[in-house]
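Here is run-v9.tsv, consisting of TSV, C-alpha atoms and all ligand atoms:
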chain	number	residue	atom	x	y	z
B	1	MET	CA	-36.23	-14.33	32.89
B	2	PRO	CA	-32.71	-15.66	33.44
B	3	THR	CA	-32.40	-19.06	35.05
B	4	GLN	CA	-30.89	-19.38	38.50
B	5	ALA	CA	-27.75	-20.80	36.87
B	6	ALA	CA	-26.90	-17.45	35.32
B	7	TRP	CA	-26.88	-15.83	38.76
B	8	ASP	CA	-25.02	-18.62	40.54
B	9	CYS	CA	-21.80	-17.95	38.66
B	10	SER	CA	-18.84	-18.13	41.07
B	11	CYS	CA	-16.83	-15.29	39.52
B	12	PRO	CA	-17.04	-12.28	41.87
B	13	ALA	CA	-19.67	-9.82	40.59
B	14	ARG	CA	-18.72	-10.28	36.94
B	15	CYS	CA	-21.78	-12.28	35.93
B	16	LYS	CA	-24.26	-10.69	38.32
B	17	VAL	CA	-25.21	-8.02	35.86
B	18	ASN	CA	-28.44	-6.93	34.41
B	19	LEU	CA	-28.20	-8.65	31.05
B	20	ASN	CA	-31.63	-10.15	31.33
B	21	THR	CA	-31.44	-12.27	28.20
B	22	ILE	CA	-28.57	-14.38	29.58
B	23	ARG	CA	-29.61	-17.91	30.52
B	24	GLU	CA	-26.22	-19.53	30.98
B	25	VAL	CA	-22.65	-18.55	31.75
B	26	LYS	CA	-20.19	-21.21	30.64
B	27	GLN	CA	-16.79	-21.30	32.33
B	28	PRO	CA	-14.68	-23.74	30.31
B	29	ARG	CA	-11.31	-24.91	31.62
B	30	PHE	CA	-10.08	-25.56	28.04
B	31	ALA	CA	-10.99	-23.83	24.77
B	32	ASP	CA	-11.81	-27.12	23.06
B	33	GLU	CA	-14.69	-27.68	25.50
B	34	ILE	CA	-16.66	-25.32	23.25
B	35	VAL	CA	-17.24	-27.63	20.32
B	36	LYS	CA	-20.47	-26.19	18.95
B	37	TRP	CA	-21.34	-22.54	18.37
B	38	SER	CA	-24.86	-21.16	18.62
B	39	PRO	CA	-26.06	-17.76	17.39
B	40	GLY	CA	-26.85	-16.62	20.96
B	41	TYR	CA	-23.34	-17.29	22.26
B	42	ALA	CA	-20.83	-14.55	23.02
B	43	TRP	CA	-17.29	-14.80	24.33
B	44	LEU	CA	-16.99	-12.85	27.57
B	45	ALA	CA	-13.57	-11.22	27.91
B	46	GLY	CA	-13.32	-8.11	30.11
B	47	GLY	CA	-17.04	-7.44	29.69
B	48	THR	CA	-16.50	-3.69	29.40
B	49	TRP	CA	-18.53	-3.44	26.25
B	50	LEU	CA	-20.71	-6.55	26.74
B	51	PHE	CA	-21.96	-5.29	30.11
B	52	SER	CA	-22.33	-1.68	29.00
B	53	THR	CA	-25.37	-2.12	26.81
B	54	PRO	CA	-28.27	-4.61	26.38
B	55	GLN	CA	-27.30	-7.74	24.45
B	56	ILE	CA	-30.72	-8.68	23.12
B	57	ALA	CA	-29.51	-11.43	20.80
B	58	THR	CA	-27.21	-13.06	23.37
B	59	ASP	CA	-28.36	-15.85	25.69
B	60	THR	CA	-25.06	-17.50	26.66
B	61	LEU	CA	-21.77	-16.02	27.81
B	62	ILE	CA	-18.57	-18.05	27.54
B	63	ASP	CA	-16.17	-16.68	30.10
B	64	LEU	CA	-12.66	-16.65	28.63
B	65	ARG	CA	-11.03	-15.91	31.99
B	66	SER	CA	-11.83	-19.40	33.25
B	67	LEU	CA	-9.21	-20.64	30.73
B	68	ARG	CA	-6.52	-18.97	32.88
B	69	TRP	CA	-4.14	-18.27	30.04
B	70	PRO	CA	-0.91	-16.50	31.03
B	71	ALA	CA	-1.29	-12.88	29.95
B	72	LEU	CA	2.16	-12.52	28.42
B	73	ALA	CA	4.89	-15.02	27.62
B	74	ALA	CA	8.18	-13.67	26.28
B	75	SER	CA	10.67	-16.01	24.64
B	76	ASN	CA	13.51	-15.97	22.11
B	77	THR	CA	10.96	-16.19	19.32
B	78	GLY	CA	8.87	-13.23	20.46
B	79	LEU	CA	5.98	-12.35	22.72
B	80	ASP	CA	2.80	-14.39	23.07
B	81	ILE	CA	-0.08	-12.14	24.07
B	82	ALA	CA	-3.17	-13.92	25.36
B	83	ALA	CA	-6.52	-12.70	24.12
B	84	THR	CA	-7.33	-12.33	27.83
B	85	CYS	CA	-4.34	-10.07	28.55
B	86	THR	CA	-5.68	-6.78	29.90
B	87	ILE	CA	-4.64	-3.41	28.52
B	88	ALA	CA	-3.07	-2.67	31.92
B	89	GLU	CA	-1.01	-5.88	31.81
B	90	LEU	CA	0.22	-5.07	28.32
B	91	TYR	CA	1.03	-1.53	29.43
B	92	GLY	CA	3.10	-2.91	32.32
B	93	PHE	CA	5.14	-5.30	30.15
B	94	GLN	CA	8.88	-4.82	30.65
B	95	PRO	CA	10.50	-5.72	27.31
B	96	PRO	CA	14.14	-6.65	26.77
B	97	ALA	CA	16.10	-3.56	25.74
B	98	GLU	CA	16.65	-4.87	22.22
B	99	TRP	CA	12.89	-5.08	21.51
B	100	THR	CA	12.75	-1.65	19.93
B	101	ALA	CA	9.07	-1.85	18.88
B	102	ALA	CA	7.85	-2.71	22.40
B	103	PRO	CA	7.38	0.92	23.57
B	104	LEU	CA	4.53	1.03	21.05
B	105	PHE	CA	2.44	-0.98	23.50
B	106	GLN	CA	2.45	1.83	26.03
B	107	LEU	CA	1.81	4.49	23.40
B	108	CYS	CA	-1.16	2.53	22.04
B	109	ALA	CA	-2.56	1.81	25.50
B	110	ARG	CA	-2.51	5.52	26.26
B	111	ALA	CA	-4.63	6.08	23.15
B	112	PHE	CA	-7.41	4.09	24.82
B	113	LEU	CA	-10.06	6.68	25.65
B	114	ALA	CA	-11.25	4.84	28.73
B	115	SER	CA	-11.05	5.01	32.51
B	116	PHE	CA	-8.54	3.06	34.62
B	117	LYS	CA	-11.36	0.67	35.51
B	118	ILE	CA	-11.79	-0.24	31.87
B	119	TRP	CA	-8.03	-0.41	31.37
B	120	ASN	CA	-7.85	-3.04	34.10
B	121	ALA	CA	-10.71	-5.14	32.71
B	122	ALA	CA	-10.63	-4.70	28.93
B	123	THR	CA	-8.60	-7.31	27.09
B	124	VAL	CA	-6.43	-7.26	24.00
B	125	GLY	CA	-8.69	-9.83	22.30
B	126	GLY	CA	-11.88	-7.95	23.20
B	127	ASN	CA	-10.48	-4.72	21.86
B	128	ILE	CA	-9.40	-6.28	18.58
B	129	CYS	CA	-12.73	-8.05	18.16
B	130	MET	CA	-14.67	-4.85	18.85
B	131	SER	CA	-12.70	-3.16	16.06
B	132	LEU	CA	-13.80	0.34	17.04
B	133	PRO	CA	-12.08	3.20	15.22
B	134	ALA	CA	-10.15	4.24	18.35
B	135	GLY	CA	-9.10	0.64	19.08
B	136	PRO	CA	-5.62	0.84	20.60
B	137	CYS	CA	-4.76	-2.82	20.06
B	138	HIS	CA	-5.07	-2.49	16.31
B	139	GLY	CA	-2.48	0.24	16.44
B	140	ALA	CA	-0.16	-2.02	18.37
B	141	ARG	CA	-0.79	-5.07	16.21
B	142	GLY	CA	0.07	-3.58	12.83
B	143	PRO	CA	3.68	-2.45	13.22
B	144	ILE	CA	4.73	-5.65	14.98
B	145	HIS	CA	2.95	-7.86	12.43
B	146	ALA	CA	0.94	-9.67	15.11
B	147	PRO	CA	-1.73	-12.09	13.89
B	148	ALA	CA	-5.42	-11.41	14.50
B	149	PRO	CA	-7.19	-13.41	17.23
B	150	ARG	CA	-7.69	-17.05	16.38
B	151	ARG	CA	-10.51	-18.19	18.59
B	152	GLY	CA	-8.81	-17.34	21.83
B	153	LEU	CA	-5.42	-15.95	21.14
B	154	ALA	CA	-4.59	-12.46	20.03
R	1	LIG	C1	-16.62	4.01	28.90
R	1	LIG	C2	-16.08	3.18	27.74
R	1	LIG	C3	-15.02	3.67	26.99
R	1	LIG	C4	-14.51	2.91	25.92
R	1	LIG	N1	-13.47	3.43	25.20
R	1	LIG	C5	-13.00	2.74	24.14
R	1	LIG	C6	-11.90	3.25	23.35
R	1	LIG	O1	-11.34	4.30	23.59
R	1	LIG	N2	-11.46	2.50	22.32
R	1	LIG	C7	-12.03	1.30	22.02
R	1	LIG	O2	-11.57	0.64	21.09
R	1	LIG	N3	-13.05	0.80	22.73
R	1	LIG	C8	-13.57	1.49	23.76
R	1	LIG	N4	-14.61	0.97	24.48
R	1	LIG	C9	-15.23	-0.29	24.04
R	1	LIG	C10	-14.72	-1.58	24.74
R	1	LIG	O3	-14.84	-1.43	26.12
R	1	LIG	C11	-13.28	-1.89	24.37
R	1	LIG	O4	-13.18	-2.05	22.96
R	1	LIG	C12	-12.67	-3.09	25.09
R	1	LIG	O5	-11.31	-3.22	24.71
R	1	LIG	C13	-13.38	-4.39	24.83
R	1	LIG	O6	-12.67	-5.40	25.50
R	1	LIG	P1	-13.34	-6.39	26.55
R	1	LIG	O7	-12.25	-7.37	26.93
R	1	LIG	O8	-13.98	-5.69	27.69
R	1	LIG	O9	-14.43	-7.10	25.64
R	1	LIG	P2	-15.92	-7.62	25.94
R	1	LIG	O10	-16.80	-6.47	26.33
R	1	LIG	O11	-15.88	-8.78	26.89
R	1	LIG	O12	-16.27	-8.17	24.49
R	1	LIG	C14	-16.41	-7.26	23.39
R	1	LIG	C15	-16.84	-8.08	22.13
R	1	LIG	O13	-15.75	-8.87	21.65
R	1	LIG	C16	-16.07	-10.28	21.70
R	1	LIG	N5	-14.84	-10.95	22.14
R	1	LIG	C17	-14.09	-10.65	23.24
R	1	LIG	N6	-13.00	-11.40	23.28
R	1	LIG	C18	-13.04	-12.24	22.20
R	1	LIG	C19	-12.18	-13.29	21.70
R	1	LIG	N7	-11.05	-13.60	22.30
R	1	LIG	N8	-12.56	-13.92	20.57
R	1	LIG	C20	-13.70	-13.59	19.91
R	1	LIG	N9	-14.56	-12.62	20.34
R	1	LIG	C21	-14.23	-11.95	21.48
R	1	LIG	C22	-17.22	-10.39	22.71
R	1	LIG	O14	-18.03	-11.54	22.49
R	1	LIG	C23	-17.97	-9.08	22.43
R	1	LIG	O15	-18.77	-9.19	21.26
R	1	LIG	C24	-15.11	1.66	25.58
R	1	LIG	C25	-16.17	1.17	26.35
R	1	LIG	C26	-16.66	1.91	27.42
R	1	LIG	C27	-17.82	1.34	28.23
I'd like the structure from this file rewritten - as structure tokens, please.
Ligand SMILES: Cc1cc2nc3c(=O)[nH]c(=O)nc-3n(C[C@H](O)[C@H](O)[C@H](O)COP(=O)(O)OP(=O)(O)OC[C@H]3O[C@@H](n4cnc5c(N)ncnc54)[C@H](O)[C@@H]3O)c2cc1C
Amino acid sequence: MPTQAAWDCSCPARCKVNLNTIREVKQPRFADEIVKWSPGYAWLAGGTWLFSTPQIATDTLIDLRSLRWPALAASNTGLDIAATCTIAELYGFQPPAEWTAAPLFQLCARAFLASFKIWNAATVGGNICMSLPAGPCHGARGPIHAPAPRRGLA
């Protein structure tokens, strides 16, 4: 049975799901608060896949949204995309006119065979880490030479 702590999570509805192996939901303010990894840990991003099927081997969720990273940060050197950026946020990005590869983001997002609810919850990092064959974020990552997620960042 889950402990009470798993059900006392303050995030609205997100953690009150029927993953009955979960005993703890960690909500770190900073990524370096997670100093030790255990086999039962899983990063929780949008939760669209995590909450869609039993996670028998998982006992602890680490909620990435509590890190409150800015979804997108454009600068002269390029675009930083947070692992926690949702597909919908990436779709809505308004690039400078000279960023000729940027329309690829919308094309790739449209390749996501998911409902608008998933679009608004699923993250870039979660999609890359799932690595499913129809993963839209892989399509977007290749042509712009974006690095793979490093711990938290896509
Ligand atoms: C109805 C439905 C339709 C779907 N359609 C598609 C589709 O068309 N294409 C497709 O590719 N997928 C699809 N999926 C699968 C999945 O929902 C997506 O891949 C989604 O992008 C996962 O993102 P998420 O943020 O919800 O990840 P989560 O469900 O939160 O996590 C998914 C996995 O990635 C890990 N993870 C998440 N973020 C990180 C990170 N930053 N660092 C390390 N590990 C991380 C989690 O621990 C977990 O193992 C679908 C799922 C459903 C339920």
Next item on the list: One decimal, Å: what's the distance from atom C9 of ligand LIG 1 (chain R) over to atom CA of B:Ala42, could you say?
Entry: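 Here the two named atoms are 15.4 Å from each other.
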Counting all atoms listed in the file, which residues of chain B sit at most 7 Å from some atom of ligand LIG 1 (chain R), and what is each one's closest atom pair with its distance in Å to one decimal, listed by chain and rising residue number, as CSV?
residue,atom,partner,partner_atom,distance
B:Ala42,CA,R:LIG1,O14,4.1
B:Trp43,CA,R:LIG1,O14,3.8
B:Leu44,CA,R:LIG1,O11,4.3
B:Ala45,CA,R:LIG1,O11,3.5
B:Gly46,CA,R:LIG1,O7,3.4
B:Gly47,CA,R:LIG1,O11,3.3
B:Thr48,CA,R:LIG1,O8,3.6
B:Trp49,CA,R:LIG1,O10,3.5
B:Leu50,CA,R:LIG1,O10,3.9
B:Phe51,CA,R:LIG1,O10,6.5
B:Ser52,CA,R:LIG1,C27,5.5
B:Ala83,CA,R:LIG1,N7,5.0
B:Thr84,CA,R:LIG1,N7,6.8
B:Ala111,CA,R:LIG1,O1,7.0
B:Phe112,CA,R:LIG1,O1,4.1
B:Leu113,CA,R:LIG1,O1,3.4
B:Ala114,CA,R:LIG1,C3,4.3
B:Ser115,CA,R:LIG1,C1,6.7
B:Ile118,CA,R:LIG1,O3,6.6
B:Ala121,CA,R:LIG1,O8,6.0
B:Ala122,CA,R:LIG1,O8,3.7
B:Thr123,CA,R:LIG1,O7,3.7
B:Val124,CA,R:LIG1,O5,6.4
B:Gly125,CA,R:LIG1,N7,4.4
B:Gly126,CA,R:LIG1,C17,3.5
B:Asn127,CA,R:LIG1,O5,3.3
B:Cys129,CA,R:LIG1,O13,4.7
B:Met130,CA,R:LIG1,O13,5.0
B:Ser131,CA,R:LIG1,O2,6.4
B:Leu132,CA,R:LIG1,O2,4.6
B:Pro133,CA,R:LIG1,O2,6.4
B:Ala134,CA,R:LIG1,N2,4.5
B:Gly135,CA,R:LIG1,O2,3.2
B:Pro136,CA,R:LIG1,O2,6.0
B:Pro149,CA,R:LIG1,N8,6.3
B:Arg151,CA,R:LIG1,N8,5.1
B:Gly152,CA,R:LIG1,N7,4.4
B:Leu153,CA,R:LIG1,N7,6.2
B:Ala154,CA,R:LIG1,N7,6.9
Next item on the list: For stretch 60-76 of chain B, please output as a ChimeraX atom specification all residues within 10 Å (counting all atoms listed in the file; exclusion window: fewer than 3 positions along the same chain).
Entry: /B:6,11,14-15,21-31,34,38-47,50,57,79-86,89-90,93-96,123-124,152-153
Next item on the list: Between atom CA of B:Glu98 and atom CA of B:Trp119, measure the distance and give it in Å to one decimal.
Entry: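 Distance between the two atoms: 26.7 Å.
Atom pair atom CA of B:Thr58 / atom CA of B:Phe116: separated by 27.1 Å.
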Next item on the list: Point out the residue among B:Gly92, B:Arg141, B:Thr77, B:Pro54 with the least atom-to-atom distance to B:Asn120, counting all atoms listed in the file.
Entry: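 Residue with the minimum atom-to-atom distance to B:Asn120: B:Gly92.
With only C-alpha atoms as the atoms that count, the residue of B:Ile128, B:Cys137, B:Asp59, B:Ala97 with the shortest distance to B:Ala109 is B:Cys137.
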